[in-house]
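J.: Next up is a structure, given as structure tokens.
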Amino acid sequence: MIQSMTGFGKHVIQLPSKKITVELKSLNSKSLDLNARMPSAYREKELDLRKIIASSLVRGKVDFGLYVEFTGDETSAEVNEAAIRNYMKQFGSIADGDDLRLLEMALRMPDAMKTEREDIDEEEYKAIQLALKEALTEINIFRSEEGNVLEKDFLDRIANLKVLLEKVTEMDPERQADVRARLEKAVADLKTDVDANRFEQELIYYLEKYDITEEKVRLNNHLEYFGTTLRSDDSNGKKLGFISQEIGREINTIGSKANYAPMQQLVVQMKDELEKIKEQMLNVL
């Protein structure tokens, strides 16, 4: 089963004096590109949290947010009295004003509040880890649901390619007859005698040069392999991408060898289906 790289997961935990929210958002990327946002007091745990996320999400552009809201009476922030008095003194020396007005101005200045750094409580960190795992479960469910939609679309596209390949196969004898007729007409228009045996040899060589039997067989094998890989237990977008490239190579070769307008029209339709597969492939894990 394939997974999409698009997903969202969120989990909230309520501690005695804090509300902690963990959010995860992901989009497609060639590798794991993880951007973490969290309060500075929790930065010491960032590396551990990154490892947990990386082991679960593997690939994608991931935004991780850890938000902490104090809900109790406890707070680590205190008024920086010395800094505020200094600001008030400086403002008072510049312009007249009552103490309340000067205090309001001083409170807006940097360092008006000071925060005592606190070590993260072990129980609190365990709660954060639990919240992260719950958010990861949510985002992976989201990714799997998106993957189911992608899988259905891929199977429809592959089925369309197989139908078009069947039409190419049915048309091939007609194409060869048309090519032979055009060559014979071209020789006849020269109004010159040609050696019949030599002409037949050259004609066979020419038709063999434009034979697409091998391309049809390889293309069918690639389409079957794509479907098998799609239904495997692991989501492997890179492998499916490589198979798509091989499918495209065979379609291009058939197009270059066709030398027959109706078959080239079928090739254009095949390219259109494959292009839609490649567009969606960018989002597969």
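Numbering starts fresh at 1 for the residues of each chain in the structure tokens, the chains themselves are lettered A, B, ... in the order given, and ligands are numbered from 1 as they appear.
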Can you list, as a ChimeraX atom specification, every protein, DNA or RNA residue that comes within 12 Å of Ala196 of chain A when you count only C-alpha atoms, leaving out same-chain residues fewer than 5 positions away?
T.: /A:184,187-188,201-203
J.: Write out as a ChimeraX atom specification the set of residues from segment 38-219 of chain A that DSSP, computed on the backbone, places in strand (DSSP E or B).
T.: /A:60-70,77-79,113-115
J.: Could you write those residues out with N, CA and C atoms, as a CSV table (one decimal), in the first residue's frame?
T.:
```csv
chain,number,residue,atom,x,y,z
A,60,GLY,N,9.6,13.7,3.2
A,60,GLY,CA,8.7,14.8,3.1
A,60,GLY,C,9.2,16.1,3.7
A,61,LYS,N,8.5,17.2,3.3
A,61,LYS,CA,8.8,18.5,4.0
A,61,LYS,C,7.9,18.6,5.2
A,62,VAL,N,8.4,18.5,6.4
A,62,VAL,CA,7.6,18.3,7.6
A,62,VAL,C,7.8,19.6,8.5
A,63,ASP,N,6.7,20.1,8.9
A,63,ASP,CA,6.7,21.2,9.9
A,63,ASP,C,6.2,20.6,11.2
A,64,PHE,N,7.1,20.7,12.2
A,64,PHE,CA,6.8,20.2,13.5
A,64,PHE,C,6.6,21.4,14.5
A,65,GLY,N,5.5,21.5,15.2
A,65,GLY,CA,5.3,22.6,16.1
A,65,GLY,C,5.0,22.1,17.5
A,66,LEU,N,5.7,22.6,18.5
A,66,LEU,CA,5.4,22.3,19.9
A,66,LEU,C,5.0,23.6,20.6
A,67,TYR,N,3.8,23.7,21.1
A,67,TYR,CA,3.3,24.9,21.6
A,67,TYR,C,2.9,24.7,23.1
A,68,VAL,N,3.4,25.6,24.0
A,68,VAL,CA,3.1,25.4,25.4
A,68,VAL,C,2.4,26.7,25.9
A,69,GLU,N,1.2,26.4,26.5
A,69,GLU,CA,0.4,27.5,27.1
A,69,GLU,C,0.3,27.2,28.6
A,70,PHE,N,0.6,28.2,29.4
A,70,PHE,CA,0.5,28.1,30.9
A,70,PHE,C,-0.9,28.4,31.3
A,77,ALA,N,8.0,33.7,34.4
A,77,ALA,CA,8.3,35.1,34.0
A,77,ALA,C,8.2,36.0,35.2
A,78,GLU,N,9.1,37.0,35.3
A,78,GLU,CA,9.1,38.0,36.4
A,78,GLU,C,9.4,39.3,35.8
A,79,VAL,N,8.9,40.4,36.5
A,79,VAL,CA,9.2,41.7,36.1
A,79,VAL,C,10.7,42.0,36.4
A,113,MET,N,10.7,42.0,31.0
A,113,MET,CA,10.3,40.8,31.7
A,113,MET,C,11.5,39.8,31.6
A,114,LYS,N,11.8,39.1,32.7
A,114,LYS,CA,12.9,38.1,32.6
A,114,LYS,C,12.3,36.8,33.0
A,115,THR,N,12.8,35.8,32.3
A,115,THR,CA,12.3,34.4,32.4
A,115,THR,C,13.4,33.5,33.0
```
J.: What's around segment 206-219 of chain A at 6 Å? Count only C-alpha atoms, leave out sequence neighbours fewer than 2 positions away in its own chain, and write the answer as a count of residues only.
T.: 7
J.: Using only C-alpha atoms, which residues sit within 12 Å of Glu170 of chain A once same-chain residues fewer than 4 positions away are excluded, as number ranges by chain?
T.: A: 163-166, 174-176, 213, 216, 262-263, 266
J.: May I ask which of the residues A:Ala83, A:Leu15, A:Ile141, A:Leu150 is the closest one to Glu279 of chain A, counting only C-alpha atoms?
T.: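 Closest candidate: A:Leu150.
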J.: Set the distance at 9 Å and use only C-alpha atoms: which residues neighbour Leu223 of chain A once local chain neighbours fewer than 6 positions away are removed? I'd like the list as a VMD selection string.
T.: chain A and resid 158 to 159 161 to 162 243 to 244 247
J.: Skip segment 3-6 of chain A itself and residues of its chain fewer than 3 positions away, then list as a PyMOL selection string all residues within 6 Å of it, counting only C-alpha atoms.
T.: chain A and resi 26-28+60+143-144+146-147+235+283-285
J.: For the selection you just gave me, I'd like the residues written to a file as a short mmCIF file (atom, residue, chain, number, x, y, z; two decimals), in the first residue's frame, keeping N, CA and C atoms.
T.:
```cif
data_model
loop_
_atom_site.label_atom_id
_atom_site.label_comp_id
_atom_site.auth_asym_id
_atom_site.auth_seq_id
_atom_site.Cartn_x
_atom_site.Cartn_y
_atom_site.Cartn_z
N SER A 26 2.89 17.86 6.68
CA SER A 26 3.90 17.40 5.73
C SER A 26 3.43 17.57 4.29
N LEU A 27 4.40 17.86 3.42
CA LEU A 27 4.18 17.95 1.98
C LEU A 27 5.26 17.13 1.30
N ASN A 28 5.21 17.08 -0.03
CA ASN A 28 6.17 16.23 -0.73
C ASN A 28 7.57 16.86 -0.78
N GLY A 60 9.65 13.70 3.21
CA GLY A 60 8.68 14.77 3.07
C GLY A 60 9.17 16.05 3.70
N ARG A 143 -1.93 10.17 5.71
CA ARG A 143 -1.09 9.82 4.55
C ARG A 143 -1.60 8.55 3.85
N SER A 144 -2.03 7.58 4.65
CA SER A 144 -2.53 6.32 4.07
C SER A 144 -3.83 6.55 3.29
N GLU A 146 -4.76 9.35 1.86
CA GLU A 146 -4.37 10.04 0.62
C GLU A 146 -3.72 9.06 -0.35
N GLY A 147 -2.94 8.11 0.20
CA GLY A 147 -2.30 7.09 -0.63
C GLY A 147 -3.32 6.21 -1.34
N SER A 235 5.55 1.39 0.91
CA SER A 235 5.33 2.49 -0.01
C SER A 235 6.69 2.92 -0.55
N ASN A 283 4.22 12.97 -5.14
CA ASN A 283 3.66 13.03 -3.78
C ASN A 283 3.65 11.68 -3.07
N VAL A 284 4.23 10.64 -3.71
CA VAL A 284 4.22 9.30 -3.09
C VAL A 284 5.45 9.11 -2.23
N LEU A 285 5.24 8.61 -1.02
CA LEU A 285 6.34 8.38 -0.09
C LEU A 285 7.31 7.34 -0.66
#
```
J.: Using only C-alpha atoms, which residues sit within 12 Å of Arg85 of chain A once same-chain residues fewer than 3 positions away are excluded, as a compact mmCIF listing (two decimals) with C-alpha atoms, in the first residue's frame?
T.:
```txt
# COMPACT_ATOMS: atom_id res chain seq x y z
CA VAL A 79 9.20 41.73 36.12
CA ASN A 80 12.75 42.96 35.54
CA GLU A 81 12.52 45.84 38.01
CA ALA A 82 16.04 47.18 37.47
CA MET A 88 11.68 55.11 33.12
CA LYS A 89 14.63 57.27 34.16
CA GLN A 90 15.80 57.61 30.55
CA PHE A 91 12.30 58.44 29.27
CA GLY A 92 11.83 60.99 32.08
CA ASP A 99 5.16 57.67 36.47
CA LEU A 100 2.24 55.56 35.17
CA LEU A 102 6.52 56.13 31.86
CA LEU A 103 5.85 52.65 33.30
CA GLU A 104 3.59 51.75 30.36
CA MET A 105 6.33 52.76 27.93
CA ALA A 106 9.02 50.90 29.85
CA LEU A 107 7.01 47.66 29.91
CA MET A 109 10.81 47.66 25.95
CA ASP A 111 14.15 42.90 28.83
CA ALA A 112 11.18 44.36 30.72
```
J.: Which is closest to Lys25 of chain A among A:Tyr87, A:Phe154, A:Phe142, A:Tyr125, if we use only C-alpha atoms?
T.: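 Going through A:Tyr87, A:Phe154, A:Phe142, A:Tyr125 one by one, the smallest distance to Lys25 of chain A is for A:Phe142.
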J.: Going by DSSP on the backbone, which bits of segment 25-251 of chain A are alpha helix (DSSP H)? Write them as a PyMOL selection string, please.
T.: chain A and resi 46-57+81-94+99-107+122-189+196-209+213-230+237-251
J.: I'd like the interatomic distance between atom CA of Ala131 of chain A and atom CA of Gln14 of chain A, to a tenth of an Å.
T.: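 Separation between atom CA of Ala131 of chain A and atom CA of Gln14 of chain A: 10.3 Å.
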J.: Counting only C-alpha atoms, what are the residues of segment 124-234 of chain A within 9 Å of segment 31-52 of chain A, and for each of them which pair of atoms is the nearest and at what distance in Å, to one decimal? Sort the table by chain and rising number, as JSON lines.
T.:
```
{"residue": "A:Tyr125", "atom": "CA", "partner": "A:Lys45", "partner_atom": "CA", "distance": 8.5}
{"residue": "A:Gln129", "atom": "CA", "partner": "A:Leu49", "partner_atom": "CA", "distance": 7.6}
{"residue": "A:Leu132", "atom": "CA", "partner": "A:Leu49", "partner_atom": "CA", "distance": 8.1}
{"residue": "A:Lys133", "atom": "CA", "partner": "A:Ile52", "partner_atom": "CA", "distance": 8.1}
```
J.: Please compute the atom CA of Ile139 of chain A-atom CA of Lys18 of chain A distance, one decimal, in Å.
T.: 24.0 Å
J.: Atom CA of Thr253 of chain A and atom CA of Lys185 of chain A are how many Å apart?
T.: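 Between these atoms lies a distance of 26.3 Å.
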J.: Which residue out of A:Asp153, A:Glu138, A:Asp233, A:Glu122 has the minimum interatomic distance to Leu274 of chain A when only C-alpha atoms are used?
T.: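 Selected residue with least distance to Leu274 of chain A: A:Asp153.
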J.: Which residue, A:Leu282, A:Lys271, A:Asp121, A:Ser17, has the smallest gap to Asn236 of chain A when you use only C-alpha atoms?
T.: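 Residue with the minimum atom-to-atom distance to Asn236 of chain A: A:Leu282.
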